[in-house]
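Enquirer: My structure is in query.txt, and what it holds is compact mmCIF, C-alpha atoms:
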```txt
# COMPACT_ATOMS: atom_id res chain seq x y z
CA MET R 1 29.88 33.48 -41.61
CA TYR R 2 30.87 34.20 -38.02
CA LYS R 3 34.33 33.12 -36.90
CA VAL R 4 34.67 31.59 -33.42
CA VAL R 5 37.90 30.74 -31.59
CA PHE R 6 38.32 28.46 -28.57
CA HIS R 7 41.35 29.31 -26.43
CA ILE R 8 41.73 26.23 -24.24
CA LEU R 9 44.03 24.79 -21.61
CA ASN R 10 46.19 22.11 -23.15
CA THR R 11 44.46 19.04 -21.65
CA ASN R 12 42.17 16.35 -23.05
CA SER R 13 39.44 17.11 -20.52
CA HIS R 14 39.27 20.83 -21.35
CA PHE R 15 39.19 20.08 -25.08
CA ASN R 16 36.51 17.41 -24.61
CA SER R 17 34.35 19.80 -22.60
CA THR R 18 34.14 22.19 -25.57
CA ILE R 19 33.49 19.71 -28.41
CA LYS R 20 29.70 19.69 -28.04
CA ILE R 21 29.56 23.50 -28.14
CA ALA R 22 31.95 23.64 -31.12
CA ASN R 23 30.00 20.96 -33.03
CA TYR R 24 26.73 22.80 -32.46
CA LEU R 25 28.10 26.13 -33.70
CA LYS R 26 29.75 24.42 -36.68
CA SER R 27 26.41 22.82 -37.62
CA LYS R 28 24.96 26.34 -37.67
CA GLY R 29 27.57 27.48 -40.16
CA TYR R 30 30.11 29.05 -37.80
CA SER R 31 33.83 28.73 -38.53
CA ILE R 32 35.57 27.02 -35.57
CA THR R 33 39.25 27.43 -34.73
CA TYR R 34 41.13 26.14 -31.69
CA PHE R 35 43.96 28.22 -30.27
CA ALA R 36 46.26 25.82 -28.40
CA LEU R 37 49.66 24.17 -28.23
CA GLU R 38 50.92 22.30 -31.27
CA ASN R 39 50.89 18.87 -29.61
CA VAL R 40 47.06 18.80 -29.77
CA GLU R 41 46.86 20.01 -33.38
CA GLN R 42 46.17 16.60 -34.94
CA ARG R 43 43.45 15.80 -32.43
CA ILE R 44 41.70 19.08 -33.21
CA LEU R 45 42.00 18.53 -36.96
CA ASP R 46 40.63 14.99 -36.58
CA HIS R 47 37.45 16.51 -35.15
CA GLY R 48 37.05 18.72 -38.20
CA PHE R 49 38.09 22.03 -36.61
CA GLU R 50 40.74 24.55 -37.64
CA PHE R 51 43.91 25.02 -35.58
CA PHE R 52 45.99 28.09 -34.74
CA PRO R 53 49.24 27.59 -32.75
CA PHE R 54 49.88 29.13 -29.35
CA PRO R 55 52.71 31.72 -29.49
CA SER R 56 56.02 29.99 -28.86
CA ASP R 57 57.36 32.93 -26.83
CA HIS R 58 54.71 32.50 -24.12
CA PHE R 59 56.12 29.48 -22.31
CA THR R 60 57.17 29.59 -18.67
CA TYR R 61 59.04 26.31 -18.55
CA ASN R 62 61.62 24.62 -20.74
CA ASN R 63 62.47 21.01 -19.88
CA SER R 64 64.71 20.58 -22.92
CA TYR R 65 67.62 22.35 -21.25
CA PRO R 66 70.72 20.12 -20.93
CA ASP R 67 71.29 18.12 -17.76
CA VAL R 68 73.65 20.51 -15.97
CA SER R 69 73.95 21.90 -12.46
CA LEU R 70 70.92 23.11 -10.51
CA ILE R 71 72.34 26.65 -10.42
CA LYS R 72 72.61 26.81 -14.23
CA LYS R 73 69.12 25.36 -14.64
CA THR R 74 67.75 27.92 -12.19
CA ILE R 75 69.44 30.79 -14.01
CA HIS R 76 68.13 29.45 -17.32
CA GLN R 77 64.59 29.21 -15.93
CA PHE R 78 64.86 32.75 -14.57
CA LYS R 79 65.74 34.00 -18.05
CA ILE R 80 62.73 32.17 -19.51
CA ASN R 81 60.44 33.63 -16.86
CA ASN R 82 61.81 37.12 -17.39
CA LYS R 83 61.28 36.80 -21.14
CA PHE R 84 57.72 35.57 -20.57
CA GLU R 85 56.91 38.52 -18.29
CA ASN R 86 58.24 41.01 -20.83
CA ASN R 87 56.26 39.34 -23.62
CA PHE R 88 53.09 39.31 -21.50
CA LEU R 89 53.34 42.99 -20.63
CA ARG R 90 53.60 43.86 -24.34
CA GLY R 91 49.97 42.80 -24.61
CA ASP R 92 50.26 41.44 -28.15
CA PHE R 93 49.52 37.81 -27.25
CA TYR R 94 46.40 37.56 -29.46
CA ASP R 95 47.68 39.82 -32.27
CA PRO R 96 48.76 37.06 -34.72
CA LEU R 97 45.42 35.26 -34.18
CA ILE R 98 43.36 38.44 -34.58
CA ASN R 99 45.32 39.61 -37.64
CA LYS R 100 45.01 36.24 -39.39
CA ILE R 101 41.45 35.20 -38.46
CA SER R 102 39.61 38.35 -37.30
CA PRO R 103 37.41 36.33 -34.87
CA ASP R 104 33.91 37.50 -34.02
CA LEU R 105 34.12 35.75 -30.65
CA ILE R 106 36.83 34.15 -28.56
CA PHE R 107 36.00 31.60 -25.88
CA VAL R 108 38.65 31.92 -23.16
CA ASP R 109 39.24 29.02 -20.80
CA LEU R 110 38.92 30.26 -17.21
CA SER R 111 42.26 28.60 -16.47
CA LEU R 112 43.75 31.10 -18.94
CA ILE R 113 41.61 34.09 -17.98
CA TYR R 114 44.63 36.33 -17.34
CA TYR R 115 45.08 36.57 -21.15
CA SER R 116 41.59 38.02 -21.59
CA ILE R 117 42.77 41.37 -20.17
CA PHE R 118 44.25 41.94 -23.66
CA LEU R 119 40.84 41.36 -25.25
CA ILE R 120 39.29 43.92 -22.91
CA LYS R 121 41.92 46.43 -24.01
CA LYS R 122 41.43 45.60 -27.70
CA LYS R 123 37.62 45.47 -27.33
CA VAL R 124 37.40 42.04 -28.95
CA PRO R 125 34.21 40.12 -28.02
CA PHE R 126 34.91 37.16 -25.74
CA LEU R 127 33.26 34.81 -23.28
CA THR R 128 35.03 32.97 -20.48
CA PHE R 129 34.08 29.39 -19.78
CA CYS R 130 34.50 27.42 -16.56
CA THR R 131 34.93 23.65 -16.80
CA LYS R 132 34.48 23.32 -13.03
CA VAL R 133 31.60 24.01 -10.64
CA ASN R 134 30.82 27.62 -9.72
CA LEU R 135 33.92 29.29 -8.26
CA ASN R 136 32.15 32.20 -6.58
CA LYS R 137 32.09 32.67 -2.81
CA SER R 138 28.94 31.14 -1.36
CA LYS R 139 27.16 31.24 1.99
CA ILE R 140 26.29 27.57 1.57
CA SER R 141 28.84 25.91 -0.67
CA PRO R 142 32.51 25.54 0.42
CA PRO R 143 35.45 26.23 -1.93
CA PHE R 144 35.84 23.33 -4.35
CA VAL R 145 39.26 22.38 -2.97
CA TYR R 146 37.53 21.20 0.23
CA SER R 147 35.97 17.76 0.70
CA ILE R 148 33.24 19.16 2.98
CA ILE R 149 29.58 18.33 2.39
CA PRO R 150 27.23 21.19 3.45
CA VAL R 151 24.73 20.65 6.26
CA ASN R 152 21.75 22.79 7.20
CA ASN R 153 22.71 24.37 10.51
CA LEU R 154 24.07 27.67 11.82
CA LEU R 155 27.38 26.22 12.98
CA TYR R 156 28.19 25.01 9.46
CA LEU R 157 27.35 28.43 7.96
CA TYR R 158 29.84 30.10 10.31
CA TYR R 159 32.43 27.44 9.52
CA ASN R 160 31.91 27.86 5.77
CA LYS R 161 32.34 31.63 6.09
CA LEU R 162 35.56 31.04 8.02
CA ILE R 163 37.14 28.74 5.43
CA TRP R 164 36.30 31.16 2.61
CA ASN R 165 37.94 34.02 4.53
CA LEU R 166 40.98 31.88 5.29
CA LEU R 167 41.25 31.02 1.61
CA PHE R 168 41.35 34.71 0.67
CA ILE R 169 43.89 35.53 3.40
CA LYS R 170 46.13 32.69 2.23
CA ARG R 171 45.86 33.89 -1.38
CA LYS R 172 46.80 37.48 -0.48
CA PHE R 173 49.75 36.20 1.51
CA PHE R 174 51.13 34.16 -1.39
CA LEU R 175 50.53 36.99 -3.86
CA PHE R 176 52.55 39.23 -1.59
CA ILE R 177 55.50 36.91 -1.13
CA ASN R 178 55.54 35.97 -4.84
CA VAL R 179 56.80 39.49 -5.51
CA PHE R 180 60.04 38.53 -3.74
CA PHE R 181 60.51 35.21 -5.59
CA LEU R 182 62.53 35.90 -8.71
CA PHE R 183 61.98 32.42 -10.13
CA LYS R 184 58.20 32.18 -9.78
CA ILE R 185 55.65 33.81 -12.04
CA SER R 186 52.36 35.16 -10.70
CA HIS R 187 49.99 35.64 -13.63
CA PHE R 188 47.65 37.55 -11.34
CA ASN R 189 50.35 40.10 -10.52
CA LEU R 190 51.20 40.35 -14.21
CA VAL R 191 47.58 41.19 -15.02
CA ILE R 192 47.65 43.92 -12.35
CA ARG R 193 50.89 45.32 -13.76
CA TYR R 194 49.52 45.33 -17.30
CA SER R 195 46.27 46.95 -16.15
CA LYS R 196 48.14 49.77 -14.45
CA LYS R 197 50.24 50.25 -17.56
CA GLN R 198 47.08 50.54 -19.68
CA ASN R 199 45.09 52.62 -17.13
CA ILE R 200 42.58 49.80 -16.60
CA ASP R 201 40.90 49.72 -13.17
CA PHE R 202 41.39 45.99 -12.69
CA PHE R 203 39.91 45.70 -9.19
CA ARG R 204 36.77 47.58 -10.23
CA ILE R 205 35.97 45.21 -13.11
CA SER R 206 37.21 41.94 -11.61
CA ASP R 207 35.76 39.57 -9.02
CA ASN R 208 38.41 38.14 -6.69
CA GLU R 209 36.12 36.58 -4.07
CA ARG R 210 36.35 33.22 -5.77
CA CYS R 211 38.11 29.92 -5.39
CA SER R 212 41.11 29.63 -7.69
CA HIS R 213 40.84 31.96 -10.72
CA PHE R 214 39.46 35.48 -10.64
CA GLY R 215 36.50 36.43 -12.84
CA TRP R 216 35.08 39.48 -14.58
CA LYS R 217 32.18 41.16 -12.79
CA HIS R 218 30.19 42.25 -15.81
CA HIS R 219 31.43 39.87 -18.46
CA PRO R 220 29.49 36.64 -19.20
CA GLU R 221 30.95 33.45 -17.80
CA LEU R 222 29.73 30.11 -19.10
CA ILE R 223 29.67 27.30 -16.53
CA LEU R 224 30.04 24.01 -18.37
CA SER R 225 29.47 21.75 -15.36
CA PRO R 226 25.82 20.82 -14.72
CA LYS R 227 24.32 23.09 -12.04
CA GLU R 228 22.24 20.11 -10.81
CA PHE R 229 25.49 18.38 -9.79
CA ASP R 230 26.62 21.31 -7.65
CA PHE R 231 25.61 21.88 -4.02
CA PRO R 232 22.65 24.24 -3.51
CA ARG R 233 24.14 27.68 -4.02
CA GLU R 234 23.83 31.18 -5.46
CA PHE R 235 24.81 32.18 -9.01
CA SER R 236 25.82 35.64 -10.24
CA SER R 237 23.78 37.47 -12.86
CA ASN R 238 26.66 37.24 -15.37
CA GLN R 239 26.97 33.45 -15.05
CA VAL R 240 25.27 31.25 -17.64
CA CYS R 241 24.88 27.56 -16.77
CA ILE R 242 25.24 25.51 -19.92
CA GLY R 243 26.05 21.97 -18.75
CA PRO R 244 26.07 19.10 -19.32
CA VAL R 245 28.31 19.51 -22.36
CA VAL R 246 29.46 15.91 -22.86
CA GLU R 247 29.65 14.99 -26.54
CA LEU R 248 28.67 11.32 -26.36
CA GLU R 249 29.37 10.78 -30.06
CA ARG R 250 32.78 12.43 -30.11
CA ASN R 251 35.56 10.98 -32.22
CA GLU R 252 37.85 9.02 -29.90
CA SER R 253 41.03 7.59 -31.38
CA ILE R 254 41.42 3.93 -30.49
CA ASN R 255 44.96 2.65 -30.56
CA LYS R 256 45.65 -0.61 -32.41
CA ALA R 257 46.73 -2.41 -29.24
CA PHE R 258 43.36 -1.71 -27.71
CA ASN R 259 41.38 -2.39 -30.86
CA ASN R 260 42.98 -5.80 -31.35
CA SER R 261 42.68 -6.80 -27.70
CA ASN R 262 40.15 -9.05 -26.04
CA TYR R 263 38.13 -6.06 -24.86
CA PHE R 264 35.43 -6.03 -27.54
CA LYS R 265 35.20 -9.80 -27.44
CA LEU R 266 34.85 -9.57 -23.67
CA ILE R 267 31.99 -7.07 -23.94
CA LYS R 268 30.23 -9.06 -26.65
CA ASN R 269 30.36 -12.28 -24.64
CA HIS R 270 30.13 -10.59 -21.28
CA ASN R 271 29.24 -12.92 -18.45
CA SER R 272 26.85 -11.05 -16.17
CA ASN R 273 28.45 -12.75 -13.17
CA GLN R 274 31.73 -10.96 -13.89
CA LYS R 275 31.59 -7.24 -13.16
CA ILE R 276 33.68 -4.90 -15.29
CA VAL R 277 35.53 -2.07 -13.53
CA PHE R 278 37.21 0.73 -15.46
CA CYS R 279 39.89 2.89 -13.86
CA SER R 280 41.36 6.11 -15.22
CA MET R 281 43.01 8.82 -13.14
CA GLY R 282 43.12 11.52 -15.80
CA SER R 283 45.80 12.75 -18.19
CA TYR R 284 46.86 16.02 -16.59
CA ASP R 285 48.64 15.53 -13.27
CA PHE R 286 51.98 14.05 -14.32
CA LYS R 287 53.58 15.34 -11.12
CA TYR R 288 51.51 12.73 -9.27
CA THR R 289 52.95 9.83 -11.26
CA LYS R 290 54.29 7.94 -8.22
CA LEU R 291 51.04 8.36 -6.30
CA ARG R 292 49.06 6.96 -9.23
CA LEU R 293 51.55 4.15 -9.71
CA TYR R 294 51.26 2.96 -6.10
CA PHE R 295 47.46 3.15 -6.32
CA PHE R 296 47.47 1.03 -9.49
CA LEU R 297 49.60 -1.60 -7.74
CA ARG R 298 47.08 -1.81 -4.87
CA LEU R 299 44.24 -2.02 -7.35
CA ILE R 300 45.84 -4.76 -9.44
CA LYS R 301 46.46 -6.80 -6.29
CA ILE R 302 42.70 -6.86 -5.66
CA PHE R 303 41.78 -8.10 -9.12
CA GLU R 304 44.48 -10.76 -9.20
CA ASN R 305 42.51 -12.54 -6.48
CA ARG R 306 39.00 -11.89 -7.81
CA ASN R 307 37.82 -13.93 -10.78
CA ASP R 308 34.36 -12.36 -10.45
CA LEU R 309 35.79 -8.96 -11.41
CA PHE R 310 37.42 -7.64 -14.58
CA LEU R 311 39.69 -4.56 -14.57
CA ILE R 312 40.32 -2.25 -17.52
CA LEU R 313 43.01 0.23 -16.47
CA SER R 314 44.24 3.35 -18.26
CA THR R 315 47.68 4.12 -16.80
CA GLY R 316 48.18 7.47 -18.55
CA SER R 317 50.86 8.33 -21.09
CA ASP R 318 53.54 8.73 -18.39
CA ILE R 319 53.27 5.16 -17.05
CA ASN R 320 54.18 2.17 -19.20
CA PRO R 321 51.66 -0.69 -18.78
CA LYS R 322 54.48 -3.18 -19.40
CA ALA R 323 56.01 -2.13 -16.07
CA PHE R 324 53.35 -4.22 -14.31
CA GLU R 325 53.61 -7.99 -14.07
CA ILE R 326 50.05 -9.14 -14.75
CA LYS R 327 49.49 -12.75 -13.76
CA THR R 328 45.79 -13.13 -14.53
CA LYS R 329 43.55 -12.73 -17.60
CA ASN R 330 41.00 -10.48 -15.92
CA ILE R 331 43.20 -7.37 -16.10
CA LEU R 332 43.82 -5.25 -19.20
CA LEU R 333 46.23 -2.29 -19.10
CA TYR R 334 46.70 0.49 -21.67
CA LYS R 335 48.24 3.95 -21.65
CA GLU R 336 45.17 5.65 -23.11
CA LEU R 337 41.65 4.44 -23.82
CA PRO R 338 38.48 5.80 -25.50
CA GLN R 339 36.65 6.67 -22.30
CA ILE R 340 33.18 7.21 -23.76
CA GLU R 341 33.25 3.81 -25.49
CA ILE R 342 34.46 2.09 -22.32
CA LEU R 343 31.91 3.73 -20.01
CA LYS R 344 29.03 2.45 -22.12
CA ASN R 345 29.87 -1.11 -21.09
CA VAL R 346 31.14 -1.07 -17.49
CA ASP R 347 29.59 -1.64 -14.08
CA LEU R 348 31.77 0.85 -12.23
CA MET R 349 34.38 3.52 -12.87
CA ILE R 350 37.23 4.46 -10.54
CA ASN R 351 38.40 8.00 -11.28
CA HIS R 352 40.20 11.02 -9.81
CA GLY R 353 37.17 13.29 -9.61
CA GLY R 354 37.84 15.37 -12.71
CA MET R 355 34.70 17.25 -13.75
CA GLN R 356 34.63 15.80 -17.26
CA SER R 357 34.99 12.19 -16.07
CA VAL R 358 32.33 12.65 -13.39
CA THR R 359 29.88 14.18 -15.89
CA GLU R 360 30.53 11.40 -18.39
CA CYS R 361 29.82 8.79 -15.69
CA ILE R 362 26.50 10.47 -14.92
CA MET R 363 25.49 10.79 -18.57
CA LEU R 364 26.40 7.15 -19.29
CA GLU R 365 24.98 5.94 -15.97
CA ALA R 366 28.11 4.46 -14.42
CA PRO R 367 28.43 4.55 -10.60
CA MET R 368 31.84 5.75 -9.51
CA LEU R 369 34.50 5.40 -6.86
CA VAL R 370 36.39 8.67 -6.62
CA TYR R 371 39.97 8.99 -5.39
CA PRO R 372 40.95 12.69 -5.61
CA LEU R 373 44.48 13.09 -6.88
CA ASN R 374 45.31 16.81 -6.92
CA PRO R 375 44.36 18.67 -3.69
CA TYR R 376 44.70 22.06 -5.40
CA LEU R 377 42.05 21.47 -8.06
CA ASP R 378 38.32 20.69 -7.88
CA GLN R 379 38.69 16.94 -7.34
CA ASN R 380 38.02 16.94 -3.58
CA GLY R 381 34.93 19.06 -4.10
CA ASN R 382 33.65 16.88 -6.93
CA ALA R 383 34.13 13.76 -4.81
CA ALA R 384 32.07 15.39 -2.04
CA ARG R 385 29.30 16.13 -4.54
CA VAL R 386 29.34 12.52 -5.76
CA VAL R 387 28.70 11.38 -2.19
CA TYR R 388 26.13 14.16 -1.61
CA HIS R 389 24.03 12.95 -4.56
CA ASN R 390 24.53 9.26 -3.62
CA ILE R 391 25.89 8.38 -7.06
CA GLY R 392 29.13 6.85 -5.80
CA LEU R 393 31.70 6.66 -3.02
CA ARG R 394 35.03 8.35 -2.36
CA GLY R 395 38.31 7.26 -0.83
CA LYS R 396 41.69 8.60 0.27
CA LEU R 397 44.42 7.86 -2.23
CA LYS R 398 47.31 7.90 0.24
CA LYS R 399 45.58 6.06 3.09
CA ASP R 400 43.34 3.38 1.58
CA ASN R 401 45.03 -0.01 1.33
CA SER R 402 43.91 -2.82 -0.98
CA LYS R 403 41.36 -4.18 1.51
CA MET R 404 39.77 -0.76 1.97
CA ILE R 405 39.59 -0.18 -1.77
CA GLU R 406 38.12 -3.64 -2.30
CA LYS R 407 35.47 -3.03 0.35
CA LYS R 408 34.33 0.14 -1.44
CA ILE R 409 34.25 -1.64 -4.80
CA ASP R 410 32.13 -4.43 -3.32
CA GLU R 411 29.75 -1.95 -1.70
CA LEU R 412 29.21 -0.14 -4.98
CA LEU R 413 28.69 -3.33 -6.98
CA THR R 414 26.46 -5.00 -4.37
CA ASN R 415 24.26 -1.89 -4.07
CA ARG R 416 24.63 -0.86 -7.71
CA ALA R 417 20.87 -0.63 -8.24
CA TYR R 418 20.63 2.03 -5.52
CA PHE R 419 23.45 4.17 -6.93
CA LEU R 420 22.17 3.67 -10.47
CA LYS R 421 18.70 4.88 -9.48
CA ASN R 422 20.20 8.10 -8.10
CA ILE R 423 22.36 8.59 -11.20
CA LYS R 424 19.35 8.19 -13.49
CA LYS R 425 17.42 10.73 -11.42
CA LEU R 426 20.28 13.25 -11.52
CA ARG R 427 20.86 12.67 -15.23
CA GLU R 428 17.20 13.32 -15.99
CA LYS R 429 17.35 16.63 -14.10
CA MET R 430 20.46 17.63 -16.04
CA VAL R 431 19.03 16.78 -19.45
CA SER R 432 15.52 18.16 -18.84
CA SER R 433 16.88 21.48 -17.57
CA GLY R 434 17.40 22.62 -21.16
CA ASP R 435 20.50 24.54 -20.02
CA PHE R 436 22.54 23.52 -23.06
CA GLU R 437 19.91 24.72 -25.53
CA LYS R 438 19.44 27.97 -23.57
CA GLY R 439 23.20 28.41 -23.47
CA MET R 440 23.52 27.98 -27.22
CA ASP R 441 20.83 30.62 -27.78
CA PHE R 442 22.70 32.96 -25.43
CA ILE R 443 25.99 32.41 -27.30
CA GLU R 444 24.46 32.98 -30.74
CA ASN R 445 22.68 36.13 -29.60
CA TYR R 446 25.87 37.39 -27.95
CA ILE R 447 27.82 36.92 -31.18
CA LYS R 448 25.16 38.70 -33.25
CA ASP R 449 24.77 41.56 -30.76
CA ASN R 450 28.53 42.19 -30.69
CA ASN R 451 29.08 41.68 -34.42
CA PRO R 452 26.15 43.22 -36.32
CA LYS R 453 26.40 41.91 -39.86
CA ILE R 454 23.94 41.97 -42.75
```
Translate this structure into structure tokens?
Expert:
Amino acid sequence: MYKVVFHILNTNSHFNSTIKIANYLKSKGYSITYFALENVEQRILDHGFEFFPFPSDHFTYNNSYPDVSLIKKTIHQFKINNKFENNFLRGDFYDPLINKISPDLIFVDLSLIYYSIFLIKKKVPFLTFCTKVNLNKSKISPPFVYSIIPVNNLLYLYYNKLIWNLLFIKRKFFLFINVFFLFKISHFNLVIRYSKKQNIDFFRISDNERCSHFGWKHHPELILSPKEFDFPREFSSNQVCIGPVVELERNESINKAFNNSNYFKLIKNHNSNQKIVFCSMGSYDFKYTKLRLYFFLRLIKIFENRNDLFLILSTGSDINPKAFEIKTKNILLYKELPQIEILKNVDLMINHGGMQSVTECIMLEAPMLVYPLNPYLDQNGNAARVVYHNIGLRGKLKKDNSKMIEKKIDELLTNRAYFLKNIKKLREKMVSSGDFEKGMDFIENYIKDNNPKI
């Protein structure tokens, strides 16, 4: 029996994006273990997978330090960072996992790719996986942090080349100045330092002409986002498109407050004249709590004056739903909700443009209104792709007032048939591509080729 490990970023969306792959391999007899932080252990066990804890000495932040002066906190954080750097350069990050499990393959989340340099040194088989669209530099497609939609003319091609070059210049500048910041860790610089220490020619084997994370030139990279959703673009020979990877039958925990609410009764007796709108802005960007809070207030204001609409709002675990004074019965608020179950029964979703949420909307045929939250991630780019494929609209979180948001909601609901037709067309392309099945064959063959067993 082959043993497979998933090393994932500690977020719901990154875990959800791997469930379909893990379930498939498990059905084939593979042993599945998740390598992650302890706070997601129960969720992983609930899905029937094994769990192995992330090393406790590889944290770069400690918010449990007493409330003292800023100077003492800074000194404390410097000590934590220094300890992390020393631990990283030892290169033994995966040793407890390898010694205990002896994995035949490790899937490494691209957001954590800097750890895979240890696997190269130890010659342990691994695959990286990207939960976003293709990160590689493209003549046609802009970096995913941009909200630009490509057009077919020479001027745009020059402009696109310019913004890619500016992105690389900006990155080199920050990598340079990070050397002089004692309290900031650059994982990229750590990988370079480790590579030099181990006589690994990092720049020969890595690809740095990408948006966000670097990649490996000759090592397979699985792209979990559907290639049909991306802009027309080039793909490298080592990239394997495997999306869509949404597990529509995944086990979603439903809290008692939600289960005992009027939601299921509402769906069962749904009046077709009342349109149901679901809003969730993700579970990752806690530093944007205030921005989300103000957006929720604007959104609630709309629904308080619209009896023809019903709002189901997931505030996130960092915002207490009881903080809002709800005056009408057509608004339900919860911290967390089973998104797949909700999307099966709504007319529209308002989201932040996270890749997993967007893919789920397409697979469950829900038009969307996208308000990108984090300008440093792929949300702007995903929102641009939503508009490009005519499967929804986008807005500006800081600028759109209640009237502007309401106008977009009305446009989507009034012309829902048009957006739904485009979603169905895109969904059919994604499903009929056979990319998931081809990707599973690739993974199985890769495991067997790198672990010949009788």
Enquirer: List the neighbours of R:Arg90 out to 12 Å using all atoms listed in the file; skip same-chain residues closer than 6 positions along the sequence, and give me the result as an NGL selection string.
Expert: :R and (57-58 or 83-84 or 115 or 117-118 or 121 or 190-191 or 193-195 or 197-198)
Enquirer: Would you mind telling me which residue in R:Glu249, R:Phe419, R:Phe78, R:Asn450 lies nearest to R:Lys123 when using all atoms listed in the file?
Expert: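 Using all atoms listed in the file, the shortest distance to R:Lys123 belongs to R:Asn450.
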Enquirer: Given the point (20.0, 15.4, -17.4) in the coordinates of this file, which residues lie within 12 Å, counting only C-alpha atoms, and how would they look as number ranges by chain?
Expert: R: 225-229, 242-246, 359-365, 422-436
Enquirer: Please, which residues in stretch 88-188 of chain R fall within 12 Å of stretch 210-221 of chain R when counting only C-alpha atoms, and what is the closest atom pair and distance in Å to one decimal for each, ordered by chain then residue number, as a tab-separated table?
Expert:
```
residue	atom	partner	partner_atom	distance
R:Phe107	CA	R:Glu221	CA	9.7
R:Val108	CA	R:Glu221	CA	9.5
R:Asp109	CA	R:Glu221	CA	9.9
R:Leu110	CA	R:His213	CA	7.0
R:Ser111	CA	R:His213	CA	6.8
R:Leu112	CA	R:His213	CA	8.8
R:Ile113	CA	R:His213	CA	7.6
R:Tyr114	CA	R:Phe214	CA	8.5
R:Tyr115	CA	R:Gly215	CA	11.9
R:Ser116	CA	R:Trp216	CA	9.7
R:Ile117	CA	R:Trp216	CA	9.7
R:Leu119	CA	R:His219	CA	11.7
R:Ile120	CA	R:His219	CA	9.9
R:Pro125	CA	R:His219	CA	10.0
R:Phe126	CA	R:Pro220	CA	8.5
R:Leu127	CA	R:Pro220	CA	5.8
R:Thr128	CA	R:Glu221	CA	4.9
R:Phe129	CA	R:Glu221	CA	5.5
R:Cys130	CA	R:Glu221	CA	7.1
R:Thr131	CA	R:Glu221	CA	10.6
R:Lys132	CA	R:Ser212	CA	10.6
R:Val133	CA	R:Cys211	CA	10.2
R:Asn134	CA	R:Cys211	CA	8.8
R:Leu135	CA	R:Cys211	CA	5.1
R:Asn136	CA	R:Arg210	CA	4.4
R:Lys137	CA	R:Arg210	CA	5.2
R:Ser138	CA	R:Arg210	CA	8.9
R:Ser141	CA	R:Cys211	CA	11.1
R:Pro142	CA	R:Cys211	CA	9.2
R:Pro143	CA	R:Cys211	CA	5.7
R:Phe144	CA	R:Cys211	CA	7.0
R:Val145	CA	R:Cys211	CA	8.0
R:Tyr146	CA	R:Cys211	CA	10.4
R:Ile163	CA	R:Cys211	CA	10.9
R:Trp164	CA	R:Cys211	CA	8.3
R:Asn165	CA	R:Arg210	CA	10.5
R:Leu166	CA	R:Cys211	CA	11.2
R:Leu167	CA	R:Cys211	CA	7.8
R:Phe168	CA	R:Arg210	CA	8.3
R:Ile169	CA	R:Cys211	CA	11.9
R:Lys170	CA	R:Cys211	CA	11.4
R:Arg171	CA	R:Ser212	CA	9.0
R:Ser186	CA	R:His213	CA	12.0
R:His187	CA	R:His213	CA	10.3
R:Phe188	CA	R:Phe214	CA	8.5
```
Enquirer: Restricting the calculation to only C-alpha atoms: of R:Ile300, R:Ile75, R:Ile32, R:Val5, which residue gets closest to R:Ile326?
Expert: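 Selected residue with least distance to R:Ile326: R:Ile300.
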Enquirer: Could you list as a PDB file with C-alpha atoms, keeping the file's coordinate frame every residue that has an atom within 10 Å of (24.1, 31.5, -16.1), using the file's coordinates and counting only C-alpha atoms?
Expert:
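After the write, selection_1.pdb holds the following:
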```
ATOM      1  CA  PRO R 220      29.490  36.640 -19.200  1.00  0.00           C
ATOM      2  CA  GLU R 221      30.950  33.450 -17.800  1.00  0.00           C
ATOM      3  CA  LEU R 222      29.730  30.110 -19.100  1.00  0.00           C
ATOM      4  CA  ILE R 223      29.670  27.300 -16.530  1.00  0.00           C
ATOM      5  CA  LEU R 224      30.040  24.010 -18.370  1.00  0.00           C
ATOM      6  CA  LYS R 227      24.320  23.090 -12.040  1.00  0.00           C
ATOM      7  CA  PHE R 235      24.810  32.180  -9.010  1.00  0.00           C
ATOM      8  CA  SER R 236      25.820  35.640 -10.240  1.00  0.00           C
ATOM      9  CA  SER R 237      23.780  37.470 -12.860  1.00  0.00           C
ATOM     10  CA  ASN R 238      26.660  37.240 -15.370  1.00  0.00           C
ATOM     11  CA  GLN R 239      26.970  33.450 -15.050  1.00  0.00           C
ATOM     12  CA  VAL R 240      25.270  31.250 -17.640  1.00  0.00           C
ATOM     13  CA  CYS R 241      24.880  27.560 -16.770  1.00  0.00           C
ATOM     14  CA  ILE R 242      25.240  25.510 -19.920  1.00  0.00           C
ATOM     15  CA  ASP R 435      20.500  24.540 -20.020  1.00  0.00           C
ATOM     16  CA  LYS R 438      19.440  27.970 -23.570  1.00  0.00           C
ATOM     17  CA  GLY R 439      23.200  28.410 -23.470  1.00  0.00           C
ATOM     18  CA  PHE R 442      22.700  32.960 -25.430  1.00  0.00           C
TER      19      PHE R 442
END
```
